[in-house]
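Chemist: Sharing a structure, written as structure tokens. Questions coming.
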Amino acid sequence: MNTRPSYAPGQPGSAPKWTSSAKVGVGTALNLVSRVWFTLSHGVFDEIYYPHVDLACTRDMGFLVTDGRGYFSDEKRHADHEVAYRVEGVPAYRLVNTCEDGRYRIVKDIITHPDRPVVLQRTRFVPLAGSLDDYHLYVLLAPHLGNHGYGNTAWAGDTKGVPMLFAQREHFALALACSRPWLKMSAGFVGVSDGWQDLAQHGQMTWEYTRAEDGNVALMGEVDLRATAGEFLLALAFSGHGLEAGHHALACLYDDFDALSDAYIADWQKWQSALIPMPKRDGDRHNLYRVSTMVLHTHEAKNLPGGIIASLSVPWGFANGGEDLGGYHLVWVRDLVETVSGLLAAGARQTAVRVLHYLQCTQEADGHWAQNMWLDGTPYWGGVQMDEAAFPILLTDQAWREKLIDDDDLARLWPMVHRAVGYVVRNGPVTGQDRWEEDGGYSPFTLAVEIAALLCAADLAERADQPDLAVYLRETADAWNASIERWTYAEGTDLARRVGVDGYYVRLAPPATTDQGTPWRGSIAIKNRPPEATSHPAVNIISPDALALVRFGLRAADDPRILNTVRVIDALLKVDTPYGPCWRRYNEDGYGEHDDGSPYDGTGRGRLWPLLTGERAHYELAAGRRDEAERLLRTLEAFANEGGMLPEQVWDSADIPDKELFFGRPSGSAMPLVWAHAEYIKLRRSVRDGGVFDRPPQSVQRYLVDKTPPTFFTWRFNDPIDHLPAGKTLRLEVLAPARVHWSADGWQTVQDTETRPTSVGVHLADLPTATSPSGCEWQFTFYWLEADRWEGVDYSVTVR
């Protein structure tokens, strides 16, 4: 008998792509042993992750149906899909796919093995017209091992005589087995010699290639419908080697699926039972609160506990090259802290401790965290976002206040907090990027997080017996808080006159320079727009980000400046969908589909973010309008898809059915967005409690109750003020020891003041401006002690 391999033609295959980001389900076993995560969309498996939650190993896996006489149906494309949870709050799914022409139905029960890296799918094929004898059923699997579409090798083989389909790329491997032996198997190159091409061309499986080497590959096996009577089990196993993956798959065929399912479900039910209960709301099909807690917990790493990725999806993955390694299955520290705050709101207290330990291990030496990173802390993109340096401070403080950590824990965490707050005061208040990861400058959202974090760090400094540092941090917070309007509140603009307000907070003001004046009068570049449309005056770009000033306790909800800004936000960014209002991130945003529905490709048009509906509801709650917060909560729930997944964005224009875009329904962006689910959980908790769950008490007390004024106004090279109010002291802040050479009378007389160090790398010199009359100009320059040189430039600040 000829046993030589039959090599598939067409290497390396077509350019790889990921698949739809429109997930209807995500899941994993609730233990540290079964290191596999799955996603579901359009009735089939999409990306399956192994051995870590940031490593996708498949593109998709689904069924193809033929009758051998010309009929061809792809369940992903040619069926109506239903999804249900077998048990509330547990990622054990039942998918029902009914073909559009009424010929068949496929029912799937999906879990992962509780103790192995294996995804299990119990399947029932039901002929709705004719009998089983009239159909051929095929499984089509597209490996993308280790986050790569290219470089995979696929083959048809066996484990101990049981036929299996295999794939390997470097130290990643998979094996797919069926509870009854495959009738036929084939390995091919996508777009050329894969099984889909075979069936589409011939109506039946005519190719039986045994190997496809080093490319974008696909595997196909024919299920023996007659022998199985239409009911069978698929086991898709993963390991570092094909033989071991085959062993795991074979072991699952000998297991009792019902017993495995019961164990899988019991673990999740035990975890859910320990959370704070929330009543299921009228019209809430799946209990979105329980779905959301499940989504958040599913996205946590098992090899590096506390690492939680942003989403088990690749936005617009169907149009995204298969060599896009990251997608959203990366860690953003902002998303991570927002997520664990959501879990805290639900009562999952120990997760916060794990996240704090994870943050300790991924902090950079200078105190910041990477813009985003792989689970092991390796940076992915190279930006710096100041809110991501500040958020871990807020989490540490929250954990301390809620007694999740004790004195010993806090002592171990203090070095992380100290490094983080040092980074904030050395590099703030400006940020290299705002929370939307595009532009640098003064962002109301970032400023709110930074200032709140400074106050929290001051409390923690006192616990660490560093009272001088605590005083300095509060003084800095006061100075920055008093400058927010100078940096970001625009007045007297054409937009203000058009809306009928005297001013508003801008989305972002560019960094100040010594010759610029008020930052909000500058221009910003929007990076996801065509080159000719990137530059805009800062006063023309608005964002809901200003509501963070209320969320973090710096401004009252009824502050006239906030009320003005809300009017402008609603005039420019609010869209009333059939499900309720939603908001864009900012006007002129380009991160979203093009107007014709084609996917984002580096440019596009930003769509509506359900997350922002949740943030607006929190603002309404802070303003005392609980009924409005409840209404927006219902709106946020309505944005969830049929599996209870909340999207990053929803479509904001007329329906485009052929692109699956419908007004007010999920667009092609990331889904589920873990951050959005966390915001939903926090909103449920906030509405229940009658107050904003994650609002830091320090800033509320200091600025809304005590109304603490600043003692100092600071001048620094990244924020060079040109004036300060009468009666205030001018504080000069530099990053190296210096002698300040200064004069208050036009250099007729001069004095020298040496800077004094702080423990966070900032060197201070306070000039006695508090007694100066209005109009007095203070001039100064620096002699750098360590470099033994003069600055060579004179600077000035006028008292007004």
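Here, A, B, ... name the chains of the structure tokens in the order displayed, residue numbers run from 1 inside each chain, and ligands are numbered from 1 in the same displayed order.
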Would you mind listing what lies within 12 Å of His52 of chain A as number ranges by chain, with only C-alpha atoms counted and same-chain residues fewer than 4 positions away left out?

Modeler: A: 28, 32-38, 48, 56-57, 117, 145-147, 172, 238-239, 298-305, 307-309, 312, 329-330, 374-376

Chemist: For those residues, write N, CA and C atoms to a file as a compact mmCIF listing (two decimals), in the first residue's frame.

Modeler:
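This is the output file again26.txt:
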```txt
# COMPACT_ATOMS: atom_id res chain seq x y z
N THR A 28 -14.04 29.67 29.08
CA THR A 28 -12.89 28.87 29.50
C THR A 28 -13.30 28.13 30.77
N LEU A 32 -6.83 26.66 36.79
CA LEU A 32 -5.55 27.02 36.20
C LEU A 32 -4.97 25.91 35.33
N VAL A 33 -5.68 24.79 35.19
CA VAL A 33 -5.15 23.63 34.48
C VAL A 33 -5.51 23.67 33.00
N SER A 34 -6.77 23.93 32.71
CA SER A 34 -7.26 23.91 31.33
C SER A 34 -6.98 25.26 30.68
N ARG A 35 -5.84 25.38 30.06
CA ARG A 35 -5.39 26.67 29.53
C ARG A 35 -5.80 26.84 28.08
N VAL A 36 -7.11 26.93 27.89
CA VAL A 36 -7.65 27.15 26.56
C VAL A 36 -8.90 28.01 26.70
N TRP A 37 -9.05 28.96 25.79
CA TRP A 37 -10.17 29.89 25.77
C TRP A 37 -10.78 29.87 24.38
N PHE A 38 -12.12 29.94 24.30
CA PHE A 38 -12.75 29.91 22.99
C PHE A 38 -13.62 31.16 22.80
N ILE A 48 -9.55 30.49 19.00
CA ILE A 48 -9.36 29.71 20.22
C ILE A 48 -7.93 29.98 20.68
N ALA A 56 -3.78 33.55 20.15
CA ALA A 56 -4.80 32.89 19.33
C ALA A 56 -4.15 31.76 18.53
N CYS A 57 -4.85 30.64 18.44
CA CYS A 57 -4.30 29.49 17.73
C CYS A 57 -5.19 28.98 16.60
N PRO A 117 -6.32 20.98 28.01
CA PRO A 117 -6.39 22.09 27.06
C PRO A 117 -7.17 21.68 25.81
N LEU A 145 -1.80 29.20 14.46
CA LEU A 145 -1.12 28.88 15.70
C LEU A 145 -0.16 29.99 16.14
N GLY A 146 -0.18 30.27 17.43
CA GLY A 146 0.73 31.27 18.00
C GLY A 146 0.53 32.66 17.46
N ASN A 147 -0.73 33.02 17.13
CA ASN A 147 -1.08 34.34 16.59
C ASN A 147 -0.64 34.55 15.15
N PHE A 172 3.70 25.28 19.01
CA PHE A 172 2.24 25.22 19.16
C PHE A 172 1.71 24.12 18.25
N PHE A 238 -4.95 21.04 22.25
CA PHE A 238 -3.76 21.86 21.99
C PHE A 238 -2.62 21.39 22.88
N SER A 239 -1.42 21.56 22.37
CA SER A 239 -0.23 21.25 23.15
C SER A 239 0.97 21.83 22.43
N THR A 298 -13.44 35.55 32.45
CA THR A 298 -12.92 34.73 31.36
C THR A 298 -11.66 35.34 30.76
N HIS A 299 -11.54 36.64 30.79
CA HIS A 299 -10.41 37.31 30.13
C HIS A 299 -9.16 37.37 30.99
N GLU A 300 -9.18 36.75 32.18
CA GLU A 300 -7.99 36.76 33.03
C GLU A 300 -7.05 35.62 32.65
N ALA A 301 -5.76 35.90 32.72
CA ALA A 301 -4.75 34.89 32.42
C ALA A 301 -4.69 33.84 33.51
N LYS A 302 -4.23 32.66 33.13
CA LYS A 302 -4.03 31.58 34.09
C LYS A 302 -2.56 31.38 34.40
N ASN A 303 -1.70 31.66 33.45
CA ASN A 303 -0.26 31.51 33.70
C ASN A 303 0.28 32.69 34.49
N LEU A 304 -0.30 33.86 34.31
CA LEU A 304 0.13 35.07 35.01
C LEU A 304 -1.10 35.70 35.64
N PRO A 305 -1.55 35.18 36.78
CA PRO A 305 -2.81 35.65 37.39
C PRO A 305 -2.80 37.16 37.60
N GLY A 307 -3.41 39.27 35.16
CA GLY A 307 -3.34 39.86 33.83
C GLY A 307 -4.67 39.65 33.12
N ILE A 308 -5.34 40.73 32.76
CA ILE A 308 -6.64 40.65 32.10
C ILE A 308 -6.55 41.41 30.79
N ILE A 309 -6.84 40.74 29.69
CA ILE A 309 -6.73 41.38 28.38
C ILE A 309 -7.99 42.20 28.09
N LEU A 312 -11.12 39.32 23.76
CA LEU A 312 -10.79 38.13 22.97
C LEU A 312 -11.29 38.34 21.54
N HIS A 329 -6.23 41.35 22.18
CA HIS A 329 -5.86 40.40 23.22
C HIS A 329 -4.49 40.74 23.79
N LEU A 330 -4.47 41.96 24.36
CA LEU A 330 -3.32 42.54 25.02
C LEU A 330 -3.81 43.18 26.32
N TRP A 374 1.99 42.48 26.10
CA TRP A 374 1.67 41.07 26.23
C TRP A 374 1.57 40.74 27.71
N LEU A 375 1.01 39.61 28.00
CA LEU A 375 0.80 39.24 29.40
C LEU A 375 2.08 39.23 30.21
N ASP A 376 3.20 38.91 29.58
CA ASP A 376 4.46 38.85 30.34
C ASP A 376 5.08 40.21 30.56
```

Chemist: Could you give me, as a PyMOL selection string, the residues within 10 Å of Phe780 of chain A, counting only C-alpha atoms and dropping anything in the same chain fewer than 6 positions from it?

Modeler: chain A and resi 732+740-744+747+750-752+767+793-797

Chemist: For the structure I just gave you, how does DSSP split segment 334-522 of chain A - specifically, which residues are alpha helix (DSSP H)? Reply as a ChimeraX atom specification.

Modeler: /A:334-346,349-362,386-401,407-427,444-463,467-488,494-499

Chemist: Which of these residues is nearest to Ala319 of chain A, using only C-alpha atoms: A:Gly553, A:Pro16, A:Gly441, A:Pro725?

Modeler: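 The closest residue to Ala319 of chain A is A:Pro16.
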
Chemist: Counting only C-alpha atoms, which of A:Tyr71, A:Tyr579, A:Tyr505, A:Trp268 gets nearest to Met294 of chain A?

Modeler: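 Checking each of A:Tyr71, A:Tyr579, A:Tyr505, A:Trp268 against Met294 of chain A, counting only C-alpha atoms, the winner is A:Trp268.
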
Chemist: Between segment 636-723 of chain A and segment 341-356 of chain A, at 10 Å or less, what are the per-residue closest atom pairs and their distances in Å? Count only C-alpha atoms, order by chain and rising residue number, and return it as JSON lines.

Modeler:
```
{"residue": "A:Val674", "atom": "CA", "partner": "A:Gly342", "partner_atom": "CA", "distance": 9.7}
{"residue": "A:Trp675", "atom": "CA", "partner": "A:Gly342", "partner_atom": "CA", "distance": 8.5}
{"residue": "A:Ala676", "atom": "CA", "partner": "A:Gly342", "partner_atom": "CA", "distance": 9.6}
{"residue": "A:His677", "atom": "CA", "partner": "A:Gly342", "partner_atom": "CA", "distance": 7.9}
{"residue": "A:Ala678", "atom": "CA", "partner": "A:Gly342", "partner_atom": "CA", "distance": 4.4}
{"residue": "A:Glu679", "atom": "CA", "partner": "A:Gly342", "partner_atom": "CA", "distance": 6.5}
{"residue": "A:Tyr680", "atom": "CA", "partner": "A:Gly342", "partner_atom": "CA", "distance": 7.9}
{"residue": "A:Ile681", "atom": "CA", "partner": "A:Gly342", "partner_atom": "CA", "distance": 5.6}
{"residue": "A:Lys682", "atom": "CA", "partner": "A:Gly342", "partner_atom": "CA", "distance": 5.3}
{"residue": "A:Leu683", "atom": "CA", "partner": "A:Gly342", "partner_atom": "CA", "distance": 8.9}
{"residue": "A:Arg684", "atom": "CA", "partner": "A:Ala345", "partner_atom": "CA", "distance": 8.6}
{"residue": "A:Arg685", "atom": "CA", "partner": "A:Ala345", "partner_atom": "CA", "distance": 6.1}
{"residue": "A:Ser686", "atom": "CA", "partner": "A:Ala345", "partner_atom": "CA", "distance": 8.5}
{"residue": "A:Phe693", "atom": "CA", "partner": "A:Ala345", "partner_atom": "CA", "distance": 7.2}
{"residue": "A:Asp694", "atom": "CA", "partner": "A:Ser341", "partner_atom": "CA", "distance": 7.3}
```

Chemist: Next, write the just-selected residues to a file, as a short mmCIF file (atom, residue, chain, number, x, y, z; two decimals), in the first residue's frame, keeping all heavy atoms as the atom set.

Modeler:
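Ended up saving to out17.cif:
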```cif
data_model
loop_
_atom_site.label_atom_id
_atom_site.label_comp_id
_atom_site.auth_asym_id
_atom_site.auth_seq_id
_atom_site.Cartn_x
_atom_site.Cartn_y
_atom_site.Cartn_z
N VAL A 674 -14.24 44.32 27.20
CA VAL A 674 -14.28 44.02 28.63
C VAL A 674 -14.55 45.29 29.44
O VAL A 674 -15.30 45.27 30.42
CB VAL A 674 -12.96 43.34 29.05
CG1 VAL A 674 -12.90 43.13 30.55
CG2 VAL A 674 -12.81 42.00 28.34
N TRP A 675 -13.95 46.39 29.04
CA TRP A 675 -14.13 47.66 29.71
C TRP A 675 -15.62 48.04 29.75
O TRP A 675 -16.13 48.53 30.76
CB TRP A 675 -13.30 48.71 29.00
CG TRP A 675 -13.27 50.08 29.58
CD1 TRP A 675 -13.84 50.52 30.73
CD2 TRP A 675 -12.60 51.21 29.02
NE1 TRP A 675 -13.58 51.86 30.92
CE2 TRP A 675 -12.82 52.30 29.88
CE3 TRP A 675 -11.85 51.40 27.86
CZ2 TRP A 675 -12.30 53.57 29.62
CZ3 TRP A 675 -11.32 52.66 27.60
CH2 TRP A 675 -11.55 53.74 28.47
N ALA A 676 -16.34 47.82 28.65
CA ALA A 676 -17.76 48.15 28.60
C ALA A 676 -18.55 47.28 29.59
O ALA A 676 -19.47 47.77 30.26
CB ALA A 676 -18.30 47.99 27.19
N HIS A 677 -18.20 46.01 29.67
CA HIS A 677 -18.88 45.13 30.64
C HIS A 677 -18.57 45.57 32.07
O HIS A 677 -19.44 45.51 32.95
CB HIS A 677 -18.46 43.68 30.42
CG HIS A 677 -19.15 43.03 29.25
ND1 HIS A 677 -20.41 42.49 29.34
CD2 HIS A 677 -18.75 42.85 27.97
CE1 HIS A 677 -20.76 41.98 28.16
NE2 HIS A 677 -19.77 42.19 27.31
N ALA A 678 -17.34 46.02 32.31
CA ALA A 678 -16.99 46.51 33.65
C ALA A 678 -17.79 47.76 33.98
O ALA A 678 -18.26 47.93 35.12
CB ALA A 678 -15.50 46.79 33.73
N GLU A 679 -17.94 48.64 33.01
CA GLU A 679 -18.73 49.86 33.25
C GLU A 679 -20.18 49.50 33.55
O GLU A 679 -20.81 50.12 34.42
CB GLU A 679 -18.65 50.76 32.01
CG GLU A 679 -19.39 52.08 32.15
CD GLU A 679 -18.75 53.05 33.13
OE1 GLU A 679 -17.62 52.78 33.60
OE2 GLU A 679 -19.38 54.08 33.43
N TYR A 680 -20.70 48.49 32.89
CA TYR A 680 -22.08 48.06 33.16
C TYR A 680 -22.21 47.56 34.60
O TYR A 680 -23.16 47.91 35.31
CB TYR A 680 -22.51 46.99 32.17
CG TYR A 680 -23.86 46.39 32.52
CD1 TYR A 680 -25.04 47.10 32.27
CD2 TYR A 680 -23.96 45.16 33.14
CE1 TYR A 680 -26.27 46.58 32.63
CE2 TYR A 680 -25.19 44.63 33.49
CZ TYR A 680 -26.35 45.34 33.24
OH TYR A 680 -27.56 44.83 33.60
N ILE A 681 -21.27 46.72 35.03
CA ILE A 681 -21.34 46.18 36.39
C ILE A 681 -21.26 47.31 37.40
O ILE A 681 -22.03 47.36 38.38
CB ILE A 681 -20.20 45.17 36.62
CG1 ILE A 681 -20.39 43.94 35.72
CG2 ILE A 681 -20.16 44.74 38.08
CD1 ILE A 681 -19.18 43.03 35.69
N LYS A 682 -20.34 48.25 37.18
CA LYS A 682 -20.21 49.38 38.11
C LYS A 682 -21.47 50.22 38.13
O LYS A 682 -21.88 50.73 39.18
CB LYS A 682 -18.99 50.22 37.76
CG LYS A 682 -17.68 49.55 38.12
CD LYS A 682 -16.49 50.47 37.97
CE LYS A 682 -16.05 50.60 36.54
NZ LYS A 682 -14.78 51.38 36.43
N LEU A 683 -22.10 50.36 36.97
CA LEU A 683 -23.34 51.14 36.92
C LEU A 683 -24.45 50.43 37.69
O LEU A 683 -25.24 51.08 38.40
CB LEU A 683 -23.74 51.39 35.47
CG LEU A 683 -24.95 52.28 35.24
CD1 LEU A 683 -24.80 53.62 35.94
CD2 LEU A 683 -25.20 52.47 33.74
N ARG A 684 -24.54 49.11 37.56
CA ARG A 684 -25.53 48.39 38.35
C ARG A 684 -25.30 48.63 39.84
O ARG A 684 -26.25 48.87 40.61
CB ARG A 684 -25.47 46.89 38.05
CG ARG A 684 -26.00 46.46 36.69
CD ARG A 684 -27.52 46.65 36.55
NE ARG A 684 -28.30 45.98 37.56
CZ ARG A 684 -28.78 44.73 37.45
NH1 ARG A 684 -28.51 44.02 36.36
NH2 ARG A 684 -29.52 44.21 38.40
N ARG A 685 -24.05 48.54 40.26
CA ARG A 685 -23.72 48.75 41.67
C ARG A 685 -24.00 50.20 42.08
O ARG A 685 -24.56 50.46 43.16
CB ARG A 685 -22.26 48.39 41.91
CG ARG A 685 -21.74 48.66 43.31
CD ARG A 685 -22.33 47.72 44.35
NE ARG A 685 -21.82 48.04 45.68
CZ ARG A 685 -20.72 47.51 46.22
NH1 ARG A 685 -20.03 46.59 45.54
NH2 ARG A 685 -20.33 47.85 47.43
N SER A 686 -23.64 51.14 41.24
CA SER A 686 -23.83 52.56 41.57
C SER A 686 -25.30 52.90 41.70
O SER A 686 -25.70 53.61 42.63
CB SER A 686 -23.17 53.44 40.49
OG SER A 686 -21.77 53.25 40.44
N PHE A 693 -19.81 54.33 42.29
CA PHE A 693 -19.06 53.32 43.02
C PHE A 693 -17.57 53.63 43.10
O PHE A 693 -16.95 53.46 44.15
CB PHE A 693 -19.27 51.95 42.36
CG PHE A 693 -18.36 50.88 42.89
CD1 PHE A 693 -18.60 50.31 44.13
CD2 PHE A 693 -17.25 50.47 42.17
CE1 PHE A 693 -17.74 49.33 44.64
CE2 PHE A 693 -16.39 49.49 42.67
CZ PHE A 693 -16.64 48.92 43.90
N ASP A 694 -16.97 54.05 42.00
CA ASP A 694 -15.51 54.16 41.96
C ASP A 694 -15.02 55.61 42.11
O ASP A 694 -13.91 55.93 41.72
CB ASP A 694 -14.97 53.56 40.66
CG ASP A 694 -15.58 54.17 39.42
OD1 ASP A 694 -16.42 55.08 39.54
OD2 ASP A 694 -15.22 53.73 38.31
#
```

Chemist: Pull the closest atom pair for each residue of segment 527-561 of chain A that gets at most 10 Å from segment 470-490 of chain A, along with the distance in Å to one decimal, counting only C-alpha atoms, ordering rows by chain and then ascending residue number, as JSON lines.

Modeler:
```
{"residue": "A:Ala538", "atom": "CA", "partner": "A:Ala490", "partner_atom": "CA", "distance": 8.9}
{"residue": "A:Val539", "atom": "CA", "partner": "A:Ala490", "partner_atom": "CA", "distance": 6.3}
{"residue": "A:Asn540", "atom": "CA", "partner": "A:Ala490", "partner_atom": "CA", "distance": 9.6}
{"residue": "A:Ala546", "atom": "CA", "partner": "A:Thr488", "partner_atom": "CA", "distance": 9.3}
{"residue": "A:Leu549", "atom": "CA", "partner": "A:Ile484", "partner_atom": "CA", "distance": 9.5}
{"residue": "A:Leu554", "atom": "CA", "partner": "A:Asn481", "partner_atom": "CA", "distance": 7.3}
{"residue": "A:Arg555", "atom": "CA", "partner": "A:Asn481", "partner_atom": "CA", "distance": 9.5}
{"residue": "A:Arg561", "atom": "CA", "partner": "A:Tyr489", "partner_atom": "CA", "distance": 8.1}
```

Chemist: May I have the residues from that selection written out with N, CA, C and O atoms, as a compact mmCIF listing (two decimals), in the first residue's frame?

Modeler:
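Once everything was written out, this is out-v2.txt:
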```
# COMPACT_ATOMS: atom_id res chain seq x y z
N ALA A 538 -7.85 73.06 18.65
CA ALA A 538 -8.30 72.31 19.82
C ALA A 538 -9.70 72.71 20.25
O ALA A 538 -10.46 71.88 20.76
N VAL A 539 -10.08 73.98 20.04
CA VAL A 539 -11.39 74.46 20.49
C VAL A 539 -12.53 73.85 19.68
O VAL A 539 -13.69 73.95 20.09
N ASN A 540 -12.23 73.21 18.56
CA ASN A 540 -13.28 72.63 17.73
C ASN A 540 -13.54 71.15 18.03
O ASN A 540 -14.46 70.57 17.45
N ALA A 546 -14.61 65.11 29.46
CA ALA A 546 -14.69 66.11 30.52
C ALA A 546 -15.54 65.65 31.69
O ALA A 546 -15.37 66.15 32.82
N LEU A 549 -14.09 64.75 35.14
CA LEU A 549 -13.85 65.72 36.21
C LEU A 549 -14.89 65.57 37.31
O LEU A 549 -14.61 65.83 38.49
N LEU A 554 -13.47 66.06 41.02
CA LEU A 554 -12.79 67.35 40.93
C LEU A 554 -13.75 68.51 40.70
O LEU A 554 -13.45 69.65 41.06
N ARG A 555 -14.88 68.22 40.06
CA ARG A 555 -15.86 69.27 39.79
C ARG A 555 -17.25 68.71 40.13
O ARG A 555 -17.51 67.52 39.96
N ARG A 561 -19.55 75.24 34.37
CA ARG A 561 -18.66 74.86 33.26
C ARG A 561 -18.96 73.43 32.80
O ARG A 561 -18.87 73.14 31.60
```

Chemist: Taking the backbone alone, and naming residues the way the document does, which bits of segment 151-368 of chain A are strand (DSSP E or B) by DSSP, as a ChimeraX atom specification?

Modeler: /A:152-159,162-169,172-178,184-189,211-215,217-223,231-239,300,308,321,331

Chemist: Using only C-alpha atoms, which of A:Tyr49, A:Tyr85, A:Trp271, A:Trp400 sits nearest Val24 of chain A?

Modeler: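 Checking each candidate against Val24 of chain A, we get A:Tyr85 as the closest.
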
Chemist: A:Leu176, A:Ala448, A:Ala556, A:Ile106: which is nearest Leu243 of chain A, counting only C-alpha atoms?

Modeler: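 Of A:Leu176, A:Ala448, A:Ala556, A:Ile106, the one nearest Leu243 of chain A is A:Leu176, counting only C-alpha atoms.
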
Chemist: Give me the residues near Val337 of chain A as a PDB file with N, CA, C and O atoms, in the first residue's frame, where near means some atom within 8 Å (using only C-alpha atoms) and where sequence neighbours in that chain fewer than 2 positions away do not count.

Modeler:
```
ATOM      1  N   VAL A 333      -3.282  48.834  30.820  1.00  0.00           N
ATOM      2  CA  VAL A 333      -3.411  49.002  32.267  1.00  0.00           C
ATOM      3  C   VAL A 333      -4.674  49.776  32.616  1.00  0.00           C
ATOM      4  O   VAL A 333      -5.329  49.488  33.630  1.00  0.00           O
ATOM      5  N   ARG A 334      -5.042  50.744  31.808  1.00  0.00           N
ATOM      6  CA  ARG A 334      -6.301  51.473  32.060  1.00  0.00           C
ATOM      7  C   ARG A 334      -7.477  50.508  32.035  1.00  0.00           C
ATOM      8  O   ARG A 334      -8.302  50.470  32.960  1.00  0.00           O
ATOM      9  N   ASP A 335      -7.580  49.720  30.981  1.00  0.00           N
ATOM     10  CA  ASP A 335      -8.662  48.738  30.890  1.00  0.00           C
ATOM     11  C   ASP A 335      -8.586  47.739  32.040  1.00  0.00           C
ATOM     12  O   ASP A 335      -9.613  47.324  32.590  1.00  0.00           O
ATOM     13  N   THR A 339     -11.443  47.210  34.672  1.00  0.00           N
ATOM     14  CA  THR A 339     -12.046  45.885  34.722  1.00  0.00           C
ATOM     15  C   THR A 339     -12.087  45.345  36.139  1.00  0.00           C
ATOM     16  O   THR A 339     -13.127  44.841  36.601  1.00  0.00           O
ATOM     17  N   VAL A 340     -10.965  45.430  36.845  1.00  0.00           N
ATOM     18  CA  VAL A 340     -10.957  44.890  38.200  1.00  0.00           C
ATOM     19  C   VAL A 340     -11.842  45.729  39.110  1.00  0.00           C
ATOM     20  O   VAL A 340     -12.429  45.203  40.069  1.00  0.00           O
ATOM     21  N   SER A 341     -12.005  47.002  38.795  1.00  0.00           N
ATOM     22  CA  SER A 341     -12.951  47.811  39.554  1.00  0.00           C
ATOM     23  C   SER A 341     -14.368  47.289  39.357  1.00  0.00           C
ATOM     24  O   SER A 341     -15.175  47.264  40.297  1.00  0.00           O
ATOM     25  N   PHE A 391      -3.645  55.076  37.263  1.00  0.00           N
ATOM     26  CA  PHE A 391      -4.721  54.155  37.641  1.00  0.00           C
ATOM     27  C   PHE A 391      -4.302  53.120  38.690  1.00  0.00           C
ATOM     28  O   PHE A 391      -5.081  52.811  39.612  1.00  0.00           O
ATOM     29  N   PRO A 392      -3.097  52.524  38.596  1.00  0.00           N
ATOM     30  CA  PRO A 392      -2.727  51.556  39.639  1.00  0.00           C
ATOM     31  C   PRO A 392      -2.664  52.163  41.036  1.00  0.00           C
ATOM     32  O   PRO A 392      -2.874  51.447  42.033  1.00  0.00           O
ATOM     33  N   LEU A 395      -6.182  52.058  42.287  1.00  0.00           N
ATOM     34  CA  LEU A 395      -6.558  50.697  42.666  1.00  0.00           C
ATOM     35  C   LEU A 395      -5.956  50.321  44.013  1.00  0.00           C
ATOM     36  O   LEU A 395      -6.631  49.702  44.853  1.00  0.00           O
TER      37      LEU A 395
END
```

Chemist: When distances are computed from only C-alpha atoms, which of A:Tyr289, A:Tyr328, A:Phe63, A:Tyr254 shows the smallest separation from Trp196 of chain A?

Modeler: A:Phe63

Chemist: For the atom pair atom CA of Asn641 of chain A and atom CA of Ser653 of chain A, what is the interatomic distance in Å to one decimal place?

Modeler: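 A separation of 17.8 Å between them.
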
Chemist: Using only C-alpha atoms, which protein or nucleic acid residues come within 7 Å of Tyr586 of chain A? Drop anything in the same chain fewer than 4 positions from it, and give the result as an MDAnalysis selection string.

Modeler: chainID A and resid 541:543 573

Chemist: Save the residues we just selected, N, CA, C and O atoms, as a JSON list (two decimals), in the first residue's frame?

Modeler:
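So again.json came out as:
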```json
[["chain", "number", "residue", "atom", "x", "y", "z"],
["A", 541, "ILE", "N", -12.73, 70.53, 18.89],
["A", 541, "ILE", "CA", -12.83, 69.10, 19.13],
["A", 541, "ILE", "C", -13.30, 68.86, 20.56],
["A", 541, "ILE", "O", -12.65, 69.27, 21.52],
["A", 542, "ILE", "N", -14.43, 68.17, 20.68],
["A", 542, "ILE", "CA", -15.11, 67.99, 21.96],
["A", 542, "ILE", "C", -15.20, 66.49, 22.27],
["A", 542, "ILE", "O", -15.29, 65.66, 21.36],
["A", 543, "SER", "N", -15.20, 66.16, 23.56],
["A", 543, "SER", "CA", -15.30, 64.76, 23.98],
["A", 543, "SER", "C", -16.06, 64.67, 25.28],
["A", 543, "SER", "O", -16.02, 65.59, 26.11],
["A", 573, "LEU", "N", -22.09, 65.27, 19.72],
["A", 573, "LEU", "CA", -21.69, 63.87, 19.80],
["A", 573, "LEU", "C", -22.82, 62.90, 20.08],
["A", 573, "LEU", "O", -22.66, 61.69, 19.88]]
```
